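Source file: structure_2.csv; contents: CSV, N, CA and C atoms.
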```csv
chain,number,residue,atom,x,y,z
A,1,MET,N,-74.1,0.0,-8.5
A,1,MET,CA,-75.5,0.0,-8.9
A,1,MET,C,-75.6,0.7,-10.2
A,2,ASN,N,-76.5,0.3,-11.1
A,2,ASN,CA,-76.7,1.0,-12.3
A,2,ASN,C,-77.4,2.4,-12.1
A,3,ASP,N,-77.0,3.4,-12.8
A,3,ASP,CA,-77.6,4.7,-12.6
A,3,ASP,C,-78.8,4.8,-13.6
A,4,VAL,N,-79.9,5.3,-13.1
A,4,VAL,CA,-81.0,5.5,-14.0
A,4,VAL,C,-80.8,6.8,-14.8
A,5,PRO,N,-80.9,6.7,-16.1
A,5,PRO,CA,-80.7,7.9,-16.9
A,5,PRO,C,-81.6,9.1,-16.5
A,6,GLN,N,-81.1,10.3,-16.4
A,6,GLN,CA,-81.9,11.4,-16.0
A,6,GLN,C,-82.6,12.0,-17.3
A,7,ASN,N,-83.9,12.1,-17.2
A,7,ASN,CA,-84.6,12.8,-18.3
A,7,ASN,C,-84.7,14.3,-18.0
A,8,SER,N,-84.8,15.0,-19.0
A,8,SER,CA,-84.9,16.5,-18.9
A,8,SER,C,-86.3,16.8,-18.4
A,9,ASP,N,-86.5,17.9,-17.8
A,9,ASP,CA,-87.9,18.3,-17.4
A,9,ASP,C,-88.8,18.4,-18.6
A,10,THR,N,-88.3,18.8,-19.7
A,10,THR,CA,-89.1,18.8,-20.9
A,10,THR,C,-89.6,17.4,-21.3
A,11,ALA,N,-88.7,16.4,-21.3
A,11,ALA,CA,-89.1,15.1,-21.6
A,11,ALA,C,-90.2,14.6,-20.7
A,12,LEU,N,-90.0,14.9,-19.4
A,12,LEU,CA,-90.9,14.4,-18.4
A,12,LEU,C,-92.3,15.1,-18.6
A,13,SER,N,-92.3,16.4,-18.8
A,13,SER,CA,-93.6,17.1,-19.0
A,13,SER,C,-94.2,16.6,-20.3
A,14,THR,N,-93.4,16.4,-21.4
A,14,THR,CA,-94.0,15.9,-22.6
A,14,THR,C,-94.6,14.5,-22.4
A,15,GLY,N,-93.9,13.7,-21.7
A,15,GLY,CA,-94.5,12.3,-21.4
A,15,GLY,C,-95.8,12.4,-20.6
A,16,ALA,N,-95.8,13.3,-19.7
A,16,ALA,CA,-97.0,13.5,-18.8
A,16,ALA,C,-98.2,14.0,-19.7
A,17,ARG,N,-97.9,15.0,-20.5
A,17,ARG,CA,-98.9,15.6,-21.4
A,17,ARG,C,-99.4,14.5,-22.4
A,18,ASP,N,-98.5,13.7,-23.0
A,18,ASP,CA,-98.9,12.7,-23.9
A,18,ASP,C,-99.8,11.6,-23.2
A,19,GLU,N,-99.4,11.3,-21.9
A,19,GLU,CA,-100.2,10.3,-21.2
A,19,GLU,C,-101.6,10.9,-20.9
A,20,LEU,N,-101.7,12.2,-20.6
A,20,LEU,CA,-103.0,12.8,-20.3
A,20,LEU,C,-103.8,12.8,-21.6
A,21,LYS,N,-103.2,13.2,-22.7
A,21,LYS,CA,-103.9,13.1,-24.0
A,21,LYS,C,-104.5,11.8,-24.3
A,22,LEU,N,-103.7,10.7,-24.1
A,22,LEU,CA,-104.1,9.4,-24.3
A,22,LEU,C,-105.3,9.0,-23.4
A,23,ARG,N,-105.2,9.4,-22.1
A,23,ARG,CA,-106.3,9.1,-21.2
A,23,ARG,C,-107.6,9.8,-21.6
A,24,VAL,N,-107.4,11.1,-22.1
A,24,VAL,CA,-108.6,11.8,-22.5
A,24,VAL,C,-109.2,11.2,-23.7
A,25,LEU,N,-108.4,10.9,-24.7
A,25,LEU,CA,-108.8,10.2,-25.9
A,25,LEU,C,-109.6,8.9,-25.6
A,26,ARG,N,-109.0,8.1,-24.8
A,26,ARG,CA,-109.6,6.8,-24.4
A,26,ARG,C,-111.0,7.0,-23.7
A,27,ALA,N,-111.0,8.0,-22.8
A,27,ALA,CA,-112.3,8.2,-22.1
A,27,ALA,C,-113.4,8.8,-23.0
A,28,LEU,N,-113.0,9.7,-23.9
A,28,LEU,CA,-114.0,10.2,-24.9
A,28,LEU,C,-114.4,9.2,-25.9
A,29,GLU,N,-113.5,8.3,-26.3
A,29,GLU,CA,-113.9,7.3,-27.2
A,29,GLU,C,-114.9,6.3,-26.6
A,30,SER,N,-114.7,6.0,-25.3
A,30,SER,CA,-115.6,5.1,-24.7
A,30,SER,C,-116.9,5.7,-24.2
A,31,ASN,N,-116.9,7.1,-24.0
A,31,ASN,CA,-118.1,7.8,-23.5
A,31,ASN,C,-118.1,9.2,-24.1
A,32,PRO,N,-118.5,9.4,-25.3
A,32,PRO,CA,-118.4,10.7,-25.9
A,32,PRO,C,-119.3,11.8,-25.3
A,33,GLU,N,-120.3,11.4,-24.4
A,33,GLU,CA,-121.2,12.3,-23.8
A,33,GLU,C,-120.7,12.9,-22.5
A,34,LEU,N,-119.5,12.4,-22.1
A,34,LEU,CA,-118.9,13.0,-20.8
A,34,LEU,C,-118.8,14.5,-20.9
A,35,SER,N,-119.1,15.1,-19.8
A,35,SER,CA,-118.9,16.5,-19.7
A,35,SER,C,-117.4,16.7,-19.2
A,36,GLN,N,-116.9,17.9,-19.4
A,36,GLN,CA,-115.5,18.1,-19.0
A,36,GLN,C,-115.4,17.9,-17.5
A,37,ARG,N,-116.4,18.3,-16.7
A,37,ARG,CA,-116.3,18.1,-15.3
A,37,ARG,C,-116.3,16.6,-14.9
A,38,GLN,N,-117.1,15.8,-15.6
A,38,GLN,CA,-117.1,14.4,-15.4
A,38,GLN,C,-115.8,13.7,-15.8
A,39,LEU,N,-115.3,14.2,-16.9
A,39,LEU,CA,-114.0,13.7,-17.4
A,39,LEU,C,-112.9,14.0,-16.4
A,40,ALA,N,-112.9,15.2,-15.9
A,40,ALA,CA,-111.9,15.6,-14.9
A,40,ALA,C,-112.0,14.7,-13.7
A,41,ALA,N,-113.2,14.4,-13.2
A,41,ALA,CA,-113.4,13.6,-12.0
A,41,ALA,C,-112.9,12.1,-12.3
A,42,GLU,N,-113.2,11.6,-13.5
A,42,GLU,CA,-112.9,10.3,-13.9
A,42,GLU,C,-111.3,10.1,-14.0
A,43,LEU,N,-110.7,11.2,-14.5
A,43,LEU,CA,-109.2,11.1,-14.7
A,43,LEU,C,-108.4,11.5,-13.5
A,44,GLY,N,-109.1,12.2,-12.6
A,44,GLY,CA,-108.4,12.7,-11.4
A,44,GLY,C,-107.5,13.9,-11.7
A,45,VAL,N,-107.9,14.7,-12.6
A,45,VAL,CA,-107.2,15.9,-12.9
A,45,VAL,C,-108.1,17.1,-12.8
A,46,SER,N,-107.5,18.3,-12.8
A,46,SER,CA,-108.3,19.5,-12.6
A,46,SER,C,-109.2,19.8,-13.8
A,47,LEU,N,-110.3,20.5,-13.6
A,47,LEU,CA,-111.2,20.8,-14.7
A,47,LEU,C,-110.5,21.7,-15.7
A,48,GLY,N,-109.6,22.6,-15.2
A,48,GLY,CA,-108.8,23.5,-16.1
A,48,GLY,C,-107.9,22.6,-17.0
A,49,GLY,N,-107.3,21.6,-16.4
A,49,GLY,CA,-106.4,20.7,-17.1
A,49,GLY,C,-107.1,20.0,-18.2
A,50,VAL,N,-108.3,19.5,-17.9
A,50,VAL,CA,-109.1,18.8,-18.9
A,50,VAL,C,-109.5,19.8,-20.0
A,51,ASN,N,-110.0,21.0,-19.6
A,51,ASN,CA,-110.4,22.0,-20.6
A,51,ASN,C,-109.2,22.3,-21.6
A,52,TYR,N,-108.1,22.5,-21.0
A,52,TYR,CA,-106.9,22.7,-21.8
A,52,TYR,C,-106.6,21.6,-22.8
A,53,ALA,N,-106.7,20.3,-22.3
A,53,ALA,CA,-106.4,19.2,-23.1
A,53,ALA,C,-107.4,19.0,-24.2
A,54,VAL,N,-108.7,19.1,-23.9
A,54,VAL,CA,-109.8,18.9,-24.8
A,54,VAL,C,-109.7,20.0,-25.9
A,55,LYS,N,-109.4,21.3,-25.5
A,55,LYS,CA,-109.3,22.4,-26.4
A,55,LYS,C,-108.2,22.1,-27.4
A,56,ALA,N,-107.0,21.6,-26.9
A,56,ALA,CA,-105.9,21.3,-27.8
A,56,ALA,C,-106.2,20.2,-28.7
A,57,LEU,N,-107.0,19.2,-28.3
A,57,LEU,CA,-107.3,18.1,-29.1
A,57,LEU,C,-108.3,18.5,-30.2
A,58,VAL,N,-109.2,19.4,-29.9
A,58,VAL,CA,-110.1,20.0,-30.9
A,58,VAL,C,-109.4,20.8,-31.9
A,59,GLU,N,-108.5,21.7,-31.4
A,59,GLU,CA,-107.7,22.6,-32.3
A,59,GLU,C,-106.9,21.8,-33.3
A,60,ARG,N,-106.4,20.6,-32.8
A,60,ARG,CA,-105.5,19.8,-33.7
A,60,ARG,C,-106.3,18.9,-34.6
A,61,GLY,N,-107.6,19.0,-34.5
A,61,GLY,CA,-108.5,18.2,-35.4
A,61,GLY,C,-108.6,16.7,-35.0
A,62,LEU,N,-108.2,16.4,-33.7
A,62,LEU,CA,-108.3,15.0,-33.2
A,62,LEU,C,-109.6,14.6,-32.6
A,63,VAL,N,-110.4,15.7,-32.2
A,63,VAL,CA,-111.7,15.5,-31.6
A,63,VAL,C,-112.6,16.5,-32.2
A,64,LYS,N,-113.8,16.1,-32.5
A,64,LYS,CA,-114.9,17.1,-32.9
A,64,LYS,C,-115.9,17.2,-31.8
A,65,MET,N,-116.3,18.5,-31.6
A,65,MET,CA,-117.4,18.7,-30.6
A,65,MET,C,-118.7,18.9,-31.4
A,66,LYS,N,-119.7,18.2,-30.9
A,66,LYS,CA,-121.0,18.4,-31.5
A,66,LYS,C,-122.0,18.7,-30.4
A,67,ASN,N,-122.9,19.6,-30.7
A,67,ASN,CA,-124.0,20.0,-29.7
A,67,ASN,C,-125.0,18.9,-29.7
A,68,PHE,N,-125.6,18.6,-28.5
A,68,PHE,CA,-126.7,17.8,-28.4
A,68,PHE,C,-127.5,18.2,-27.1
A,69,SER,N,-128.8,17.8,-27.1
A,69,SER,CA,-129.6,18.2,-25.9
A,69,SER,C,-129.6,17.0,-25.0
A,70,ARG,N,-129.4,17.3,-23.7
A,70,ARG,CA,-129.4,16.2,-22.7
A,70,ARG,C,-130.9,16.1,-22.2
A,71,SER,N,-131.2,15.0,-21.6
A,71,SER,CA,-132.5,14.7,-21.1
A,71,SER,C,-133.0,15.8,-20.1
A,72,ASP,N,-132.1,16.4,-19.4
A,72,ASP,CA,-132.5,17.5,-18.5
A,72,ASP,C,-132.6,18.8,-19.2
A,73,HIS,N,-132.7,18.8,-20.5
A,73,HIS,CA,-132.9,20.0,-21.3
A,73,HIS,C,-131.7,21.0,-21.3
A,74,LYS,N,-130.5,20.5,-20.9
A,74,LYS,CA,-129.4,21.4,-21.0
A,74,LYS,C,-128.6,21.1,-22.2
A,75,ALA,N,-128.1,22.1,-22.8
A,75,ALA,CA,-127.2,21.9,-24.0
A,75,ALA,C,-125.9,21.3,-23.5
A,76,SER,N,-125.4,20.4,-24.3
A,76,SER,CA,-124.1,19.8,-23.9
A,76,SER,C,-123.4,19.4,-25.2
A,77,TYR,N,-122.2,18.9,-25.0
A,77,TYR,CA,-121.3,18.5,-26.2
A,77,TYR,C,-121.1,17.0,-26.2
A,78,LEU,N,-121.0,16.6,-27.5
A,78,LEU,CA,-120.6,15.2,-27.7
A,78,LEU,C,-119.2,15.3,-28.3
A,79,TYR,N,-118.3,14.6,-27.8
A,79,TYR,CA,-116.9,14.6,-28.2
A,79,TYR,C,-116.6,13.3,-29.0
A,80,VAL,N,-116.3,13.5,-30.3
A,80,VAL,CA,-116.2,12.4,-31.2
A,80,VAL,C,-114.7,12.4,-31.7
A,81,LEU,N,-114.0,11.3,-31.6
A,81,LEU,CA,-112.7,11.2,-32.2
A,81,LEU,C,-112.8,11.1,-33.7
A,82,THR,N,-111.9,11.9,-34.3
A,82,THR,CA,-111.8,11.9,-35.8
A,82,THR,C,-110.9,10.8,-36.2
A,83,PRO,N,-110.8,10.4,-37.5
A,83,PRO,CA,-109.9,9.4,-37.9
A,83,PRO,C,-108.5,9.7,-37.5
A,84,SER,N,-108.1,11.0,-37.6
A,84,SER,CA,-106.7,11.3,-37.1
A,84,SER,C,-106.6,11.2,-35.6
A,85,GLY,N,-107.7,11.4,-34.9
A,85,GLY,CA,-107.7,11.2,-33.4
A,85,GLY,C,-107.5,9.8,-33.0
A,86,ILE,N,-108.1,8.9,-33.8
A,86,ILE,CA,-108.0,7.5,-33.6
A,86,ILE,C,-106.5,7.0,-33.8
A,87,ALA,N,-106.0,7.6,-34.9
A,87,ALA,CA,-104.6,7.3,-35.3
A,87,ALA,C,-103.6,7.8,-34.2
A,88,GLU,N,-103.9,9.0,-33.7
A,88,GLU,CA,-103.1,9.6,-32.7
A,88,GLU,C,-103.1,8.8,-31.4
A,89,LYS,N,-104.3,8.3,-31.1
A,89,LYS,CA,-104.5,7.5,-29.8
A,89,LYS,C,-103.6,6.2,-30.0
A,90,ALA,N,-103.6,5.6,-31.1
A,90,ALA,CA,-102.8,4.4,-31.3
A,90,ALA,C,-101.3,4.8,-31.2
A,91,SER,N,-100.9,5.9,-31.8
A,91,SER,CA,-99.5,6.3,-31.7
A,91,SER,C,-99.1,6.6,-30.3
A,92,LEU,N,-99.9,7.3,-29.5
A,92,LEU,CA,-99.6,7.6,-28.1
A,92,LEU,C,-99.6,6.3,-27.3
A,93,ALA,N,-100.5,5.4,-27.6
A,93,ALA,CA,-100.4,4.1,-26.8
A,93,ALA,C,-99.2,3.4,-27.1
A,94,SER,N,-98.7,3.4,-28.4
A,94,SER,CA,-97.5,2.7,-28.7
A,94,SER,C,-96.3,3.3,-28.0
A,95,ALA,N,-96.2,4.7,-28.0
A,95,ALA,CA,-95.1,5.4,-27.4
A,95,ALA,C,-95.1,5.2,-25.9
A,96,LEU,N,-96.3,5.2,-25.3
A,96,LEU,CA,-96.4,4.9,-23.8
A,96,LEU,C,-96.0,3.5,-23.5
A,97,LEU,N,-96.4,2.5,-24.3
A,97,LEU,CA,-96.0,1.2,-24.1
A,97,LEU,C,-94.4,1.1,-24.1
A,98,SER,N,-93.8,1.7,-25.1
A,98,SER,CA,-92.3,1.7,-25.2
A,98,SER,C,-91.7,2.3,-23.9
A,99,ARG,N,-92.2,3.4,-23.5
A,99,ARG,CA,-91.7,4.1,-22.3
A,99,ARG,C,-91.9,3.2,-21.1
A,100,LYS,N,-93.0,2.6,-20.9
A,100,LYS,CA,-93.3,1.8,-19.8
A,100,LYS,C,-92.4,0.5,-19.8
A,101,LEU,N,-92.2,-0.1,-20.9
A,101,LEU,CA,-91.3,-1.3,-21.0
A,101,LEU,C,-89.9,-0.9,-20.6
A,102,GLU,N,-89.4,0.3,-21.1
A,102,GLU,CA,-88.1,0.8,-20.7
A,102,GLU,C,-88.0,1.0,-19.2
A,103,GLU,N,-89.0,1.6,-18.6
A,103,GLU,CA,-89.1,1.8,-17.2
A,103,GLU,C,-89.1,0.4,-16.4
A,104,TYR,N,-89.8,-0.5,-17.0
A,104,TYR,CA,-89.9,-1.8,-16.4
A,104,TYR,C,-88.5,-2.5,-16.4
A,105,GLU,N,-87.8,-2.4,-17.5
A,105,GLU,CA,-86.4,-3.0,-17.6
A,105,GLU,C,-85.5,-2.3,-16.6
A,106,LEU,N,-85.6,-1.0,-16.5
A,106,LEU,CA,-84.7,-0.3,-15.5
A,106,LEU,C,-85.1,-0.7,-14.1
A,107,LEU,N,-86.4,-0.8,-13.8
A,107,LEU,CA,-86.8,-1.3,-12.4
A,107,LEU,C,-86.3,-2.7,-12.1
A,108,MET,N,-86.4,-3.6,-13.1
A,108,MET,CA,-86.0,-4.9,-12.9
A,108,MET,C,-84.5,-5.0,-12.6
A,109,THR,N,-83.7,-4.2,-13.3
A,109,THR,CA,-82.3,-4.1,-13.0
A,109,THR,C,-82.0,-3.6,-11.6
A,110,GLU,N,-82.7,-2.5,-11.3
A,110,GLU,CA,-82.5,-1.9,-9.9
A,110,GLU,C,-82.9,-2.9,-8.8
A,111,ILE,N,-84.0,-3.7,-9.1
A,111,ILE,CA,-84.5,-4.7,-8.1
A,111,ILE,C,-83.4,-5.8,-7.9
A,112,GLY,N,-82.8,-6.2,-9.0
A,112,GLY,CA,-81.8,-7.2,-9.0
A,112,GLY,C,-80.6,-6.7,-8.2
A,113,ASP,N,-80.2,-5.4,-8.4
A,113,ASP,CA,-79.1,-4.8,-7.7
A,113,ASP,C,-79.4,-4.7,-6.2
A,114,LEU,N,-80.6,-4.3,-5.9
A,114,LEU,CA,-81.0,-4.2,-4.5
A,114,LEU,C,-81.0,-5.6,-3.8
A,115,ARG,N,-81.5,-6.6,-4.5
A,115,ARG,CA,-81.5,-8.0,-3.9
A,115,ARG,C,-80.1,-8.4,-3.6
A,116,ARG,N,-79.2,-8.2,-4.6
A,116,ARG,CA,-77.8,-8.6,-4.3
A,116,ARG,C,-77.2,-7.8,-3.2
A,117,GLU,N,-77.5,-6.6,-3.0
A,117,GLU,CA,-77.0,-5.8,-1.9
A,117,GLU,C,-77.5,-6.3,-0.6
A,118,VAL,N,-78.8,-6.7,-0.5
A,118,VAL,CA,-79.4,-7.2,0.7
A,118,VAL,C,-78.7,-8.5,1.0
A,119,GLU,N,-78.6,-9.4,0.0
A,119,GLU,CA,-78.0,-10.7,0.3
A,119,GLU,C,-76.5,-10.6,0.8
A,120,LEU,N,-75.8,-9.7,0.2
A,120,LEU,CA,-74.4,-9.4,0.7
A,120,LEU,C,-74.4,-8.9,2.1
A,121,SER,N,-75.3,-8.0,2.4
A,121,SER,CA,-75.4,-7.5,3.8
A,121,SER,C,-75.8,-8.6,4.8
A,122,GLU,N,-76.7,-9.4,4.4
A,122,GLU,CA,-77.1,-10.5,5.3
A,122,GLU,C,-76.0,-11.5,5.5
A,123,ARG,N,-75.3,-11.8,4.5
A,123,ARG,CA,-74.1,-12.7,4.6
A,123,ARG,C,-73.1,-12.1,5.5
A,124,ALA,N,-72.8,-10.9,5.4
A,124,ALA,CA,-71.8,-10.2,6.2
A,124,ALA,C,-72.2,-10.2,7.7
A,125,GLU,N,-73.5,-10.1,8.0
A,125,GLU,CA,-74.0,-10.1,9.3
A,125,GLU,C,-73.9,-11.5,9.9
A,126,GLN,N,-74.0,-12.5,9.1
A,126,GLN,CA,-74.0,-13.9,9.6
A,126,GLN,C,-72.6,-14.3,10.0
A,127,ARG,N,-71.6,-13.6,9.5
A,127,ARG,CA,-70.2,-14.0,9.9
A,127,ARG,C,-69.8,-13.6,11.2
```
Could you quickly redo this structure as structure tokens?
Amino acid sequence: MNDVPQNSDTALSTGARDELKLRVLRALESNPELSQRQLAAELGVSLGGVNYAVKALVERGLVKMKNFSRSDHKASYLYVLTPSGIAEKASLASALLSRKLEEYELLMTEIGDLRREVELSERAEQR
């Protein structure tokens, strides 16, 4: 059977961080009025994780925060992707697509190997 290459913990955590960044950028682009609490619920991650991600995106100049008043008279933020944020989102999407296609190829190879193994086992049982 083919061995799946082992990624380092750093590569795995970087991939997960990049995927979270992409998910946050996508969500904010489609709904800039989301609160961090709403964003956390939508993405299924902790409020602290969203806060950390949004803060990092703002510090890197990928997202701008603007104050606005909500209809319930509470101050809130509008999260707007900057041109560099839009470019980063495209770059992250491209990298994620490459990673997912690589995973797909590895899975297809593994599925083929498993099918052959099952067929050989079934043939041996029939004898």
_Rounded to one decimal, what separation in Å do you get between atom C of Leu62 (chain A) and CA of Lys100 (chain A)?_
24.4 Å
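Taking atom C of Thr82 (chain A) as the reference point, CA of Gly48 (chain A) is found at 23.9 Å.
The space between CA of Leu78 (chain A) and CA of Glu33 (chain A) spans 4.9 Å.
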*asked:* Can you tell me which residues surround Glu29 (chain A) at a distance of at most 8 Å, considering all atoms listed in the file, apart from same-chain residues fewer than 6 positions away, and format the answer as a VMD selection string?
replied: chain A and resid 23 79 to 81
